[in-house]
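Source file: protein_17.cif; contents: mmCIF, C-alpha atoms.
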```
data_query
loop_
_atom_site.label_atom_id
_atom_site.label_comp_id
_atom_site.auth_asym_id
_atom_site.auth_seq_id
_atom_site.Cartn_x
_atom_site.Cartn_y
_atom_site.Cartn_z
CA MET C 1 149.16 98.58 83.49
CA LYS C 2 145.65 98.06 84.88
CA VAL C 3 143.15 98.03 82.05
CA THR C 4 140.19 100.24 82.81
CA GLN C 5 137.07 99.55 80.82
CA GLY C 6 133.48 98.88 81.73
CA GLN C 7 131.90 99.65 85.06
CA PHE C 8 133.83 99.78 88.34
CA SER C 9 137.16 99.60 86.57
CA PHE C 10 138.62 102.58 88.44
CA LEU C 11 137.79 100.89 91.74
CA PRO C 12 139.85 98.15 93.30
CA ASP C 13 138.93 94.81 91.72
CA LEU C 14 135.55 93.54 92.90
CA THR C 15 135.57 90.65 95.35
CA ASP C 16 133.43 87.61 94.56
CA ALA C 17 130.84 88.75 97.10
CA GLU C 18 130.63 92.12 95.35
CA ILE C 19 130.39 90.51 91.93
CA LYS C 20 127.56 88.36 93.24
CA LEU C 21 125.66 91.41 94.46
CA GLN C 22 126.02 93.15 91.10
CA VAL C 23 124.92 90.02 89.26
CA GLN C 24 121.92 89.64 91.54
CA TYR C 25 120.96 93.25 90.86
CA ALA C 26 121.03 92.56 87.12
CA LEU C 27 118.96 89.39 87.54
CA ASP C 28 116.42 91.26 89.63
CA GLN C 29 116.03 93.71 86.75
CA GLY C 30 115.25 90.78 84.46
CA TRP C 31 118.43 91.07 82.39
CA ALA C 32 120.21 88.09 80.88
CA LEU C 33 123.78 87.58 82.01
CA ALA C 34 126.68 86.50 79.85
CA ILE C 35 130.33 85.76 80.49
CA GLU C 36 133.04 86.61 77.94
CA TYR C 37 136.81 86.33 78.01
CA THR C 38 139.72 87.52 75.92
CA ARG C 39 143.48 87.87 75.83
CA ASP C 40 143.25 91.12 73.90
CA PRO C 41 141.97 93.96 76.08
CA HIS C 42 142.23 96.59 73.33
CA PRO C 43 139.40 99.10 73.89
CA ARG C 44 138.31 98.67 70.29
CA ASN C 45 138.09 94.90 70.66
CA SER C 46 134.36 94.46 71.12
CA TYR C 47 134.42 90.78 70.14
CA TRP C 48 135.43 88.87 73.22
CA GLU C 49 135.05 85.09 73.22
CA MET C 50 131.73 83.90 74.63
CA TRP C 51 131.83 81.52 77.57
CA GLY C 52 128.74 79.56 76.61
CA ILE C 53 125.56 81.23 75.52
CA PRO C 54 123.95 84.05 77.54
CA MET C 55 122.06 82.76 80.54
CA PHE C 56 118.35 83.44 80.42
CA ASP C 57 115.70 82.70 83.06
CA LEU C 58 118.04 82.50 86.01
CA LYS C 59 116.78 83.57 89.42
CA ASP C 60 119.87 83.49 91.56
CA ALA C 61 123.42 84.74 91.14
CA ALA C 62 124.86 81.42 92.27
CA GLY C 63 124.30 79.95 88.80
CA ILE C 64 126.38 82.68 87.17
CA MET C 65 129.07 82.42 89.82
CA MET C 66 129.29 78.71 89.04
CA GLU C 67 129.94 79.50 85.37
CA LEU C 68 132.39 82.23 86.33
CA ASP C 69 134.35 79.76 88.45
CA ALA C 70 134.41 77.33 85.53
CA CYS C 71 135.57 80.07 83.17
CA ARG C 72 138.29 81.15 85.58
CA ALA C 73 139.51 77.58 85.90
CA GLU C 74 140.08 77.49 82.16
CA HIS C 75 140.99 81.12 81.39
CA GLY C 76 142.31 82.32 84.72
CA ASP C 77 145.11 84.29 83.10
CA GLU C 78 142.90 86.24 80.70
CA TYR C 79 140.41 89.04 80.99
CA ILE C 80 136.88 87.93 81.88
CA LYS C 81 133.88 90.25 81.91
CA ILE C 82 130.25 89.87 82.86
CA LEU C 83 127.59 91.47 80.68
CA ALA C 84 123.94 92.07 81.45
CA PHE C 85 121.66 92.32 78.44
CA ASP C 86 118.27 94.00 78.61
CA SER C 87 115.96 92.51 75.99
CA ARG C 88 113.05 94.87 76.62
CA LYS C 89 111.80 96.83 73.65
CA GLY C 90 113.53 100.16 73.36
CA TRP C 91 116.64 98.98 75.20
CA GLU C 92 117.72 95.78 73.50
CA SER C 93 121.28 96.37 74.49
CA VAL C 94 123.89 95.69 77.12
CA ARG C 95 123.08 97.51 80.34
CA MET C 96 126.01 96.41 82.46
CA SER C 97 129.51 95.30 81.64
CA PHE C 98 132.36 94.87 84.08
CA ILE C 99 135.65 93.06 84.29
CA VAL C 100 135.72 90.27 86.87
CA ASN C 101 139.09 88.70 86.18
CA ARG C 102 142.40 89.93 84.84
CA PRO C 103 145.76 88.35 84.20
CA ALA C 104 148.32 88.46 87.00
CA PHE C 105 150.52 90.63 84.81
CA GLU C 106 148.92 93.10 82.44
CA PRO C 107 151.49 94.11 79.85
CA GLY C 108 149.47 97.04 78.54
CA PHE C 109 149.73 98.54 75.07
CA GLU C 110 152.41 99.38 72.61
CA LEU C 111 152.21 102.74 70.82
CA ILE C 112 153.13 102.35 67.17
CA ARG C 113 154.14 105.47 65.23
CA GLN C 114 153.85 105.47 61.50
CA GLU C 115 155.69 108.19 59.55
CA GLN C 116 153.50 109.86 56.93
CA GLU C 117 154.13 112.34 54.18
CA GLY C 118 155.70 115.48 55.42
CA ARG C 119 156.29 115.25 59.13
CA SER C 120 152.85 113.88 60.09
CA VAL C 121 152.64 110.75 62.23
CA ARG C 122 149.87 108.17 62.61
CA TYR C 123 149.44 106.42 65.90
CA THR C 124 148.17 102.89 66.56
CA LEU C 125 147.70 101.04 69.84
CA ARG C 126 148.46 97.33 70.02
CA SER C 127 148.04 95.12 73.07
CA TYR C 128 151.30 93.54 74.01
CA ALA C 129 149.30 90.48 75.00
CA MET C 130 148.56 89.81 71.34
CA GLY C 131 151.94 88.75 70.14
CA HIS C 132 155.44 89.86 71.05
CA ALA C 133 154.67 90.43 74.71
CA PRO C 134 157.58 91.66 76.82
CA SER C 135 158.69 89.29 79.52
CA ALA C 136 157.33 90.09 82.94
CA PRO C 137 159.49 92.21 85.23
CA ALA C 138 161.24 90.49 88.10
CA GLU C 139 158.60 91.12 90.76
CA PHE C 140 156.02 89.03 88.89
CA MET Y 1 137.19 76.75 118.72
CA ASN Y 2 134.98 79.74 119.22
CA ASP Y 3 132.92 78.51 122.16
CA LEU Y 4 133.74 81.65 124.11
CA ASP Y 5 132.33 84.22 121.75
CA THR Y 6 131.83 87.16 124.09
CA THR Y 7 129.51 89.08 121.76
CA ALA Y 8 126.94 86.29 121.66
CA PRO Y 9 123.92 86.53 123.97
CA ALA Y 10 123.76 84.15 126.91
CA THR Y 11 120.40 82.68 125.98
CA VAL Y 12 118.25 82.52 122.89
CA ASP Y 13 114.51 82.49 122.61
CA LEU Y 14 113.47 79.87 120.10
CA GLU Y 15 109.95 81.24 120.15
CA ASP Y 16 111.37 84.52 118.92
CA PHE Y 17 113.15 82.80 116.02
CA TYR Y 18 109.95 80.95 115.24
CA ARG Y 19 107.93 84.15 115.09
CA LYS Y 20 110.50 86.03 113.04
CA SER Y 21 110.68 83.29 110.44
CA THR Y 22 106.89 83.64 109.90
CA ILE Y 23 106.94 79.94 109.34
CA GLY Y 24 103.92 79.44 111.58
CA ASP Y 25 101.58 80.62 108.79
CA THR Y 26 103.08 78.20 106.32
CA MET Y 27 102.78 75.33 108.75
CA GLN Y 28 99.15 76.15 109.44
CA ALA Y 29 98.44 76.46 105.73
CA LEU Y 30 100.10 73.09 105.28
CA ASP Y 31 97.82 71.49 107.86
CA ARG Y 32 94.78 73.18 106.43
CA ASP Y 33 95.35 72.59 102.72
CA LEU Y 34 96.90 69.16 102.74
CA VAL Y 35 94.67 66.35 103.89
CA GLY Y 36 96.29 63.36 105.62
CA LEU Y 37 99.98 62.87 104.78
CA VAL Y 38 100.89 62.55 108.46
CA PRO Y 39 104.43 61.16 107.95
CA VAL Y 40 105.17 63.93 105.47
CA LYS Y 41 104.01 66.69 107.78
CA THR Y 42 105.96 65.16 110.65
CA ARG Y 43 109.11 65.19 108.57
CA ILE Y 44 108.59 68.77 107.48
CA ARG Y 45 108.15 69.77 111.11
CA GLU Y 46 111.36 67.97 112.06
CA VAL Y 47 113.30 69.68 109.30
CA SER Y 48 111.91 73.07 110.29
CA ALA Y 49 112.87 72.49 113.92
CA LEU Y 50 116.37 71.53 112.83
CA LEU Y 51 116.77 74.70 110.79
CA LEU Y 52 115.35 76.90 113.55
CA VAL Y 53 117.75 75.44 116.10
CA GLU Y 54 120.52 75.81 113.54
CA SER Y 55 119.87 79.54 113.19
CA ALA Y 56 119.69 79.87 116.98
CA ARG Y 57 123.03 78.08 117.23
CA ARG Y 58 124.50 80.40 114.66
CA SER Y 59 123.37 83.42 116.68
CA MET Y 60 125.35 82.00 119.60
CA GLY Y 61 128.43 81.64 117.45
CA LEU Y 62 128.24 77.85 117.21
CA GLN Y 63 129.34 77.07 113.68
CA ALA Y 64 128.47 73.88 111.91
CA GLU Y 65 128.28 72.74 108.34
CA PRO Y 66 124.82 73.55 107.05
CA PRO Y 67 122.76 70.35 107.07
CA SER Y 68 122.24 68.61 103.77
CA LEU Y 69 118.61 68.86 102.79
CA HIS Y 70 118.45 66.96 99.53
CA MET Y 71 115.31 64.88 99.65
CA CYS Y 72 113.59 61.99 98.01
CA PHE Y 73 109.80 61.89 97.81
CA THR Y 74 108.38 58.48 97.08
CA GLY Y 75 104.76 57.60 96.62
CA ASN Y 76 102.09 56.66 94.15
CA PRO Y 77 100.85 59.17 91.59
CA GLY Y 78 98.64 61.95 92.90
CA THR Y 79 99.78 61.72 96.50
CA GLY Y 80 100.93 65.34 96.58
CA LYS Y 81 104.67 65.14 95.95
CA THR Y 82 104.81 68.19 93.69
CA THR Y 83 102.53 70.21 95.95
CA VAL Y 84 104.63 69.42 98.99
CA ALA Y 85 107.79 70.35 97.05
CA GLN Y 86 106.30 73.81 96.48
CA ARG Y 87 105.50 74.12 100.18
CA MET Y 88 108.95 72.87 101.07
CA ALA Y 89 110.52 75.63 99.00
CA ASP Y 90 108.39 78.16 100.82
CA ILE Y 91 109.37 76.81 104.23
CA LEU Y 92 113.08 76.53 103.44
CA ASN Y 93 112.97 80.05 102.07
CA ARG Y 94 111.34 81.46 105.20
CA LEU Y 95 113.87 79.68 107.37
CA GLY Y 96 116.65 81.21 105.31
CA TYR Y 97 118.04 77.93 104.06
CA ILE Y 98 117.46 78.81 100.42
CA ARG Y 99 117.51 82.34 99.11
CA ARG Y 100 114.63 82.18 96.68
CA ASN Y 101 111.17 80.75 96.85
CA HIS Y 102 111.09 78.93 93.56
CA VAL Y 103 110.82 75.37 92.35
CA VAL Y 104 112.12 74.24 88.98
CA THR Y 105 110.38 71.03 87.97
CA VAL Y 106 112.17 68.84 85.45
CA SER Y 107 112.11 65.31 84.15
CA ARG Y 108 114.57 63.19 82.20
CA ASP Y 109 114.05 65.03 78.92
CA ASP Y 110 115.10 68.34 80.44
CA LEU Y 111 118.37 66.94 81.74
CA VAL Y 112 119.52 64.33 79.27
CA GLY Y 113 120.64 65.24 75.77
CA GLN Y 114 120.20 63.56 72.42
CA TYR Y 115 123.80 63.17 71.36
CA ILE Y 116 127.33 63.20 72.72
CA GLY Y 117 128.18 66.55 74.30
CA HIS Y 118 124.56 67.64 74.57
CA THR Y 119 123.87 66.41 78.09
CA ALA Y 120 126.35 68.41 80.15
CA PRO Y 121 125.28 71.88 78.94
CA LYS Y 122 121.63 70.88 79.21
CA THR Y 123 121.96 69.63 82.77
CA LYS Y 124 124.05 72.62 83.80
CA ASP Y 125 121.52 74.96 82.28
CA VAL Y 126 118.75 73.45 84.39
CA LEU Y 127 120.93 73.53 87.50
CA LYS Y 128 121.73 77.19 86.95
CA LYS Y 129 118.06 78.03 86.60
CA ALA Y 130 117.28 76.20 89.83
CA MET Y 131 120.12 77.78 91.82
CA GLY Y 132 118.99 79.51 94.99
CA GLY Y 133 115.83 77.40 95.10
CA VAL Y 134 114.58 73.86 94.75
CA LEU Y 135 115.19 71.52 91.83
CA PHE Y 136 112.41 68.95 91.64
CA ILE Y 137 113.23 65.96 89.47
CA ASP Y 138 110.09 64.01 88.68
CA GLU Y 139 110.44 60.28 88.04
CA ALA Y 140 114.15 60.51 88.69
CA TYR Y 141 114.74 56.80 88.05
CA TYR Y 142 114.40 57.37 84.32
CA LEU Y 143 117.77 59.10 84.48
CA TYR Y 144 119.35 55.70 84.89
CA ARG Y 145 118.76 53.17 82.13
CA PRO Y 146 120.75 50.06 82.92
CA GLU Y 147 119.69 48.31 79.70
CA ASN Y 148 121.64 50.82 77.62
CA GLU Y 149 125.22 51.26 78.78
CA ARG Y 150 125.78 54.20 76.46
CA ASP Y 151 122.80 56.08 77.81
CA TYR Y 152 123.56 59.73 78.56
CA GLY Y 153 121.52 59.61 81.78
CA GLN Y 154 124.58 58.53 83.71
CA GLU Y 155 126.36 61.72 82.66
CA ALA Y 156 123.47 63.84 83.94
CA ILE Y 157 123.56 61.95 87.26
CA GLU Y 158 127.27 62.62 87.65
CA ILE Y 159 126.92 66.36 87.05
CA LEU Y 160 123.96 66.42 89.40
CA LEU Y 161 125.94 64.65 92.13
CA GLN Y 162 128.83 67.04 91.79
CA VAL Y 163 126.64 70.12 92.10
CA MET Y 164 124.65 68.58 94.97
CA GLU Y 165 127.91 68.18 96.84
CA ASP Y 166 129.74 71.40 95.90
CA ARG Y 167 126.84 73.82 95.87
CA ARG Y 168 124.96 72.56 98.88
CA ASP Y 169 124.13 76.08 100.09
CA ASP Y 170 122.76 77.12 96.72
CA LEU Y 171 120.47 74.29 95.79
CA VAL Y 172 118.11 71.73 97.28
CA VAL Y 173 117.43 68.75 95.05
CA ILE Y 174 114.24 66.75 95.50
CA LEU Y 175 113.90 63.48 93.64
CA ALA Y 176 110.45 62.05 93.24
CA GLY Y 177 108.93 58.84 91.97
CA TYR Y 178 107.40 55.48 92.74
CA LYS Y 179 108.85 53.79 95.78
CA ASP Y 180 109.94 50.48 94.27
CA ARG Y 181 111.59 51.98 91.21
CA MET Y 182 113.29 54.63 93.31
CA ASP Y 183 114.75 51.87 95.50
CA ILE Y 184 116.21 50.20 92.44
CA PHE Y 185 117.58 53.54 91.27
CA PHE Y 186 119.34 54.12 94.59
CA ARG Y 187 120.69 50.58 94.68
CA SER Y 188 122.42 51.12 91.34
CA ASN Y 189 123.53 54.67 92.20
CA PRO Y 190 125.02 54.47 95.70
CA GLY Y 191 126.51 57.94 95.29
CA MET Y 192 123.06 59.40 94.92
CA ALA Y 193 121.68 57.39 97.85
CA SER Y 194 124.41 58.59 100.19
CA ARG Y 195 123.87 62.25 99.34
CA ILE Y 196 120.18 62.24 100.09
CA ALA Y 197 119.51 62.60 103.76
CA HIS Y 198 115.74 62.64 103.81
CA HIS Y 199 113.56 59.94 102.38
CA VAL Y 200 109.90 60.82 102.70
CA ASP Y 201 107.23 58.31 101.80
CA PHE Y 202 103.83 59.59 100.71
CA PRO Y 203 101.09 57.15 101.76
CA ASP Y 204 98.01 56.56 99.63
CA TYR Y 205 94.91 58.44 100.73
CA SER Y 206 91.98 56.70 102.36
CA ALA Y 207 88.48 57.10 100.92
CA ASP Y 208 87.58 59.57 103.68
CA GLU Y 209 90.59 61.70 102.93
CA LEU Y 210 89.78 61.70 99.23
CA VAL Y 211 86.25 62.93 99.93
CA GLN Y 212 87.76 65.71 102.01
CA ILE Y 213 90.15 66.53 99.16
CA ALA Y 214 87.27 66.63 96.71
CA ASN Y 215 85.48 69.12 98.93
CA ILE Y 216 88.56 71.34 99.20
CA MET Y 217 89.10 71.22 95.43
CA LEU Y 218 85.50 72.18 94.75
CA GLU Y 219 85.60 74.97 97.26
CA ARG Y 220 88.63 76.47 95.51
CA MET Y 221 86.79 76.39 92.20
CA HIS Y 222 83.65 77.91 93.78
CA TYR Y 223 81.54 74.82 93.36
CA ARG Y 224 79.84 72.69 95.96
CA PHE Y 225 78.21 69.29 96.24
CA SER Y 226 74.47 68.99 96.65
CA ASP Y 227 73.38 66.81 99.57
CA ASP Y 228 73.15 63.61 97.56
CA ALA Y 229 76.28 64.37 95.55
CA GLU Y 230 78.69 63.98 98.43
CA GLY Y 231 77.43 60.48 99.20
CA MET Y 232 77.61 59.71 95.52
CA MET Y 233 81.17 60.97 95.40
CA ARG Y 234 82.16 58.67 98.25
CA GLU Y 235 80.57 55.76 96.41
CA TYR Y 236 82.44 56.83 93.27
CA ILE Y 237 85.76 57.01 95.09
CA VAL Y 238 85.37 53.59 96.68
CA ARG Y 239 84.63 52.06 93.28
CA ARG Y 240 87.34 54.01 91.48
CA MET Y 241 89.97 52.89 93.99
CA GLN Y 242 89.39 49.28 92.93
CA GLN Y 243 90.07 50.08 89.31
CA PRO Y 244 93.43 50.15 87.55
CA ARG Y 245 95.37 53.37 87.05
CA PHE Y 246 93.92 54.98 90.12
CA SER Y 247 96.08 57.98 90.94
CA ASN Y 248 94.75 59.37 94.19
CA ALA Y 249 94.07 63.11 94.22
CA ARG Y 250 94.72 63.42 90.50
CA SER Y 251 91.91 60.97 89.74
CA ILE Y 252 89.65 63.00 91.98
CA ARG Y 253 90.55 66.17 90.15
CA ASN Y 254 89.79 64.52 86.81
CA ALA Y 255 86.50 63.15 88.13
CA LEU Y 256 85.51 66.59 89.30
CA ASP Y 257 86.44 68.10 85.94
CA ARG Y 258 84.17 65.60 84.23
CA ALA Y 259 81.42 66.30 86.74
CA ARG Y 260 81.72 70.00 85.90
CA LEU Y 261 81.40 69.11 82.25
CA ARG Y 262 78.20 67.16 82.92
CA GLN Y 263 76.84 69.92 85.14
CA ALA Y 264 77.42 72.45 82.37
CA ASN Y 265 75.71 70.19 79.86
CA ARG Y 266 72.78 69.63 82.18
CA LEU Y 267 72.35 73.36 82.72
CA PHE Y 268 72.73 74.06 79.02
CA ALA Y 269 70.19 71.41 78.06
CA GLY Y 270 67.67 72.98 80.43
CA ARG Y 271 68.22 76.49 79.13
CA GLY Y 272 65.30 78.82 78.76
CA VAL Y 273 64.57 79.00 82.47
CA PRO Y 274 66.62 81.50 84.46
CA ILE Y 275 69.20 79.82 86.71
CA ASP Y 276 70.48 81.27 89.93
CA ARG Y 277 73.90 81.48 91.49
CA VAL Y 278 73.35 78.35 93.57
CA ALA Y 279 72.46 76.27 90.52
CA LEU Y 280 75.61 77.44 88.77
CA GLN Y 281 77.65 76.36 91.78
CA THR Y 282 76.04 73.05 92.59
CA ILE Y 283 77.18 69.68 91.40
CA THR Y 284 74.35 67.22 91.89
CA GLY Y 285 74.31 63.48 92.42
CA GLU Y 286 73.32 62.82 88.82
CA ASP Y 287 76.41 64.66 87.52
CA ILE Y 288 78.54 62.11 89.33
CA ALA Y 289 76.27 59.10 88.83
CA ALA Y 290 76.69 59.41 85.06
CA SER Y 291 80.32 58.36 85.40
CA ARG Y 292 81.39 55.16 83.65
CA VAL Y 293 82.62 53.89 87.00
CA PHE Y 294 79.00 53.24 87.97
CA GLN Y 295 78.21 51.43 84.77
CA GLN Y 296 80.46 48.48 85.47
#
```
Please go through the file and, once you have read it, give me the structure as C-alpha cells.
Amino acid sequence: MKVTQGQFSFLPDLTDAEIKLQVQYALDQGWALAIEYTRDPHPRNSYWEMWGIPMFDLKDAAGIMMELDACRAEHGDEYIKILAFDSRKGWESVRMSFIVNRPAFEPGFELIRQEQEGRSVRYTLRSYAMGHAPSAPAEF
Amino acid sequence: MNDLDTTAPATVDLEDFYRKSTIGDTMQALDRDLVGLVPVKTRIREVSALLLVESARRSMGLQAEPPSLHMCFTGNPGTGKTTVAQRMADILNRLGYIRRNHVVTVSRDDLVGQYIGHTAPKTKDVLKKAMGGVLFIDEAYYLYRPENERDYGQEAIEILLQVMEDRRDDLVVILAGYKDRMDIFFRSNPGMASRIAHHVDFPDYSADELVQIANIMLERMHYRFSDDAEGMMREYIVRRMQQPRFSNARSIRNALDRARLRQANRLFAGRGVPIDRVALQTITGEDIAASRVFQQ
C-alpha cells in the first residue's frame, strides 16, 4: 500500500533530478532544508527521526542531495522525507514536505476494532511496520 | 562510441561560445582591476579556453569526464589570492562549470572540531554550504599538524578528499597559502597533491605595481594623491618593502588607511576655514611623510 502524505505523494515517486529541482526551489526561497526518516508512516506520527540538524545557509541543492544519499545508505528501507522550513516572521513553519524514499514493500496499516458498550465500535489504525508486520507476499 | 552523432552540427564557432558565455567582460575586468600577476592571468586564460573548448566539444556530442579544477594558490600575503578566487568563481560560473557564483572562505577553525566526533559534521557542514560554488581554504597547511598524531585535521582532510573526488561537478576547492609550507603539506598528503590539477603561484609585486595598486585603491575610495604625494608613496613603498612583515597589497591598503586618518586629522585641525571637495579628496605628501617608515 503506497503511503500518500505530503506533497507530490499522488504522483509517481520523484526521481533524484526532480527532487533536486524541488530542493533548489526551496533554497531559492531562502528556506532551510531538513531530512527526516521513520519506519512508522502513520499519518498522526509527526515525530520522524531527524537526519542531522536542519541545513541553514546552503546555496545549492547538491549539499542536500549529498545528505540524502548518506541517509538512504543507512535507512534505505525506511521512509525519508525532505522538509523546507520558512523562518520568516509570520510563517515560522514548514512550507514544503515530501517523501523522497520509501521501503521496497510498504505493509500499510492494520485496522483495529474495539468493542464498546452497546454495539458501538472504536477504530484505531496501526502501521504494520511497527511490530508484527506480515511477511511480504511472494512477488517481493 | 558516439562519434557519429547525426544531430550534432558539422562545425562550431568558438567565437560564438565565447560571446555567449559573456566571459569577455570578466576577463577585461580582471586585466583592468588586477595589476601584474601575469602567470595567474595566463593560467586563468588557459582554464577558460579549456572550458570553452569543452562546451564546444559537448555540443558536438564528444563526451569526456569534466576536467578537475581543484586549485592551489601559493604566494606571499597580500598578493591577491582571495581576490582571484572570487574572480575565478565568477569565470567558472559564466562558463557553466559551477552552478553558483559564490565563494565560501574557511580556515582550519571552520573545518576542524574540538573533540572526537566534532570534526566530521563540521567539515561536512562547510562542504554543503560551499556546494555549487567554490570552497576557498585559507592557509590550508594548518589542517595537517604532524607534531600531534591525534590531531583532528587529518580527519577533515580525508572528508575533503572524498568530496573532492566524488562531487567533482558540484564543488571546486581552492587551497591557499605560503609556497614553502604548502609544498610541505603536499609532500605529507600525497592524496591531496594528486587531486589538485592546477598550482598557481602568485609572484610578489614590484614597487611600480604597488604604486599602481595604491592609485586604484584610492580611486575606488574617491580619494586621490596630490602631486607630491605619489612620489612620496613610491618612496614609502620602497622603504616598506625592506622591512619585516611586508604583505604586498595589504600593507598598501593599511598605509592608505593610516594616510586617510592623518588627512582627516589635518583637515580637522585646520577647521574654521571652509574646505572644498578637492581638499576632502586629496591626500598630500605630508599625510604619507608622517609615517613611521620615514622615521627610521
If the PyMOL selection byres ((chain C and resi 24-33) around 6) is run on the structure shown, which residues does it catch, given as a PDB file with C-alpha atoms, in the frame of the given file?
```pdb
ATOM      1  CA  LEU C  21     125.660  91.410  94.460  1.00  0.00           C
ATOM      2  CA  GLN C  22     126.020  93.150  91.100  1.00  0.00           C
ATOM      3  CA  VAL C  23     124.920  90.020  89.260  1.00  0.00           C
ATOM      4  CA  ALA C  34     126.680  86.500  79.850  1.00  0.00           C
ATOM      5  CA  PRO C  54     123.950  84.050  77.540  1.00  0.00           C
ATOM      6  CA  MET C  55     122.060  82.760  80.540  1.00  0.00           C
ATOM      7  CA  PHE C  56     118.350  83.440  80.420  1.00  0.00           C
ATOM      8  CA  ALA C  61     123.420  84.740  91.140  1.00  0.00           C
ATOM      9  CA  LEU C  83     127.590  91.470  80.680  1.00  0.00           C
ATOM     10  CA  ALA C  84     123.940  92.070  81.450  1.00  0.00           C
ATOM     11  CA  PHE C  85     121.660  92.320  78.440  1.00  0.00           C
ATOM     12  CA  ASP C  86     118.270  94.000  78.610  1.00  0.00           C
TER      13      ASP C  86
END
```
Apply the PyMOL selection byres ((chain Y) within 7 of (chain C)) to the structure shown and report the selected residues as an mmCIF file with C-alpha atoms, keeping the file's coordinate frame.
```cif
data_model
loop_
_atom_site.group_PDB
_atom_site.id
_atom_site.type_symbol
_atom_site.label_atom_id
_atom_site.label_comp_id
_atom_site.auth_asym_id
_atom_site.auth_seq_id
_atom_site.Cartn_x
_atom_site.Cartn_y
_atom_site.Cartn_z
ATOM 1 C CA LYS Y 128 121.730 77.190 86.950
ATOM 2 C CA LYS Y 129 118.060 78.030 86.600
ATOM 3 C CA MET Y 131 120.120 77.780 91.820
ATOM 4 C CA GLY Y 132 118.990 79.510 94.990
ATOM 5 C CA ASP Y 170 122.760 77.120 96.720
#
```
Open item on the list: Expand the PyMOL selection byres ((chain Y and resi 211) around 9) into the explicit residue set it covers here, and present it as a ChimeraX atom specification.
Closed with: /Y:206-210,212-216,230,233-234,237,252
- [ ] Skip Asp151 (chain Y) itself and residues of its chain fewer than 2 positions away, then list as a ChimeraX atom specification all residues within 12 Å of it, counting all atoms listed in the file.
- [x] /Y:108,112-116,119,142-149,153-157
Open item on the list: Would you compute the distance between CA of His199 (chain Y) and CA of Ala120 (chain Y)? Give it in Å to one decimal.
Closed with: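 Result for CA of His199 (chain Y) versus CA of Ala120 (chain Y): 27.0 Å, one decimal.
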Task: Close residues, region 16-24 of chain Y itself excluded, 7 Å, only C-alpha atoms, min 5 positions apart in chain, as a PyMOL selection string - done: chain Y and resi 52+91+94-95
TODO: Give as number ranges by chain the set of residues within 10 Å of the point (143.2, 90.0, 78.2), where distances use the file's coordinates and only C-alpha atoms.
DONE: C: 3, 37-42, 48, 75, 77-80, 101-103, 105-108, 127-130
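Separating CA of Asp13 (chain C) from CA of Ile99 (chain C) is a distance of 8.3 Å.
Interatomic distance, CA of Arg168 (chain Y) against CA of Ile98 (chain Y): 9.9 Å.
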Task: Nearest to Asp257 (chain Y), chosen from Y:Ala269, Y:Gln295, Y:Leu218, Y:Val238, with only C-alpha atoms counted in the distances - done: Y:Leu218
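The list of residues with at least one atom within 9 Å of region 161-163 of chain Y, based on all atoms listed in the file and without residues fewer than 3 positions apart in the same chain, reads Leu127, Ala156, Ile157, Glu158, Asp166, Arg167, Arg168, Leu171, Gly191, Met192 and Arg195 of chain Y.
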Open item on the list: Can you pull out the residues contacting Gly75 (chain Y)? Cut-off 7 Å, using only C-alpha atoms, and skip same-chain residues under 5 positions away; I want them as a ChimeraX atom specification.
Closed with: /Y:177-179,201-203
Task: Residue with smallest distance to Val100 (chain C) - pool C:Ile82, C:Met1, C:Gln114, C:Met50, counting only C-alpha atoms - done: C:Ile82
Enclose all atoms of region 147-164 of chain Y listed in the file in an axis-aligned box, grow every side by 8 Å, and hand back centre and edge lengths in Å to one decimal, as lines of an AutoDock Vina configuration file.
```
center_x = 124.3
center_y = 59.2
center_z = 85.7
size_x = 25.1
size_y = 37.8
size_z = 34.5
```
Task: Residue nearest Arg44 (chain C) - candidates C:Phe10, C:Asp69, C:Ile112, C:Gln5, atoms counted: all atoms listed in the file - done: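 The answer is C:Gln5, which sits nearest to Arg44 (chain C).
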TODO: For region 282-288 of chain Y, please output as JSON, numbers by chain all residues within 8 Å (counting all atoms listed in the file; exclusion window: fewer than 3 positions along the same chain).
DONE: {"Y": [223, 224, 225, 226, 227, 228, 229, 230, 232, 233, 236, 259, 260, 262, 263, 278, 279, 291]}
Residues from the last selection, C-alpha atoms, saved as a compact mmCIF listing (two decimals), keeping the file's coordinate frame:
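Final file, part.txt:
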```txt
# COMPACT_ATOMS: atom_id res chain seq x y z
CA TYR Y 223 81.54 74.82 93.36
CA ARG Y 224 79.84 72.69 95.96
CA PHE Y 225 78.21 69.29 96.24
CA SER Y 226 74.47 68.99 96.65
CA ASP Y 227 73.38 66.81 99.57
CA ASP Y 228 73.15 63.61 97.56
CA ALA Y 229 76.28 64.37 95.55
CA GLU Y 230 78.69 63.98 98.43
CA MET Y 232 77.61 59.71 95.52
CA MET Y 233 81.17 60.97 95.40
CA TYR Y 236 82.44 56.83 93.27
CA ALA Y 259 81.42 66.30 86.74
CA ARG Y 260 81.72 70.00 85.90
CA ARG Y 262 78.20 67.16 82.92
CA GLN Y 263 76.84 69.92 85.14
CA VAL Y 278 73.35 78.35 93.57
CA ALA Y 279 72.46 76.27 90.52
CA SER Y 291 80.32 58.36 85.40
```
TODO: Find the residues with any atom within 12 Å of (103.8, 53.2, 92.7); use only C-alpha atoms and the coordinates as given in the file, and write the answer as a ChimeraX atom specification.
DONE: /Y:73-79,139,176-183,201-204,244-248
How about saving the chosen residues, C-alpha atoms kept, as a compact mmCIF listing (two decimals), keeping the file's coordinate frame?
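Okay, selection_35.txt is ready:
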```txt
# COMPACT_ATOMS: atom_id res chain seq x y z
CA PHE Y 73 109.80 61.89 97.81
CA THR Y 74 108.38 58.48 97.08
CA GLY Y 75 104.76 57.60 96.62
CA ASN Y 76 102.09 56.66 94.15
CA PRO Y 77 100.85 59.17 91.59
CA GLY Y 78 98.64 61.95 92.90
CA THR Y 79 99.78 61.72 96.50
CA GLU Y 139 110.44 60.28 88.04
CA ALA Y 176 110.45 62.05 93.24
CA GLY Y 177 108.93 58.84 91.97
CA TYR Y 178 107.40 55.48 92.74
CA LYS Y 179 108.85 53.79 95.78
CA ASP Y 180 109.94 50.48 94.27
CA ARG Y 181 111.59 51.98 91.21
CA MET Y 182 113.29 54.63 93.31
CA ASP Y 183 114.75 51.87 95.50
CA ASP Y 201 107.23 58.31 101.80
CA PHE Y 202 103.83 59.59 100.71
CA PRO Y 203 101.09 57.15 101.76
CA ASP Y 204 98.01 56.56 99.63
CA PRO Y 244 93.43 50.15 87.55
CA ARG Y 245 95.37 53.37 87.05
CA PHE Y 246 93.92 54.98 90.12
CA SER Y 247 96.08 57.98 90.94
CA ASN Y 248 94.75 59.37 94.19
```
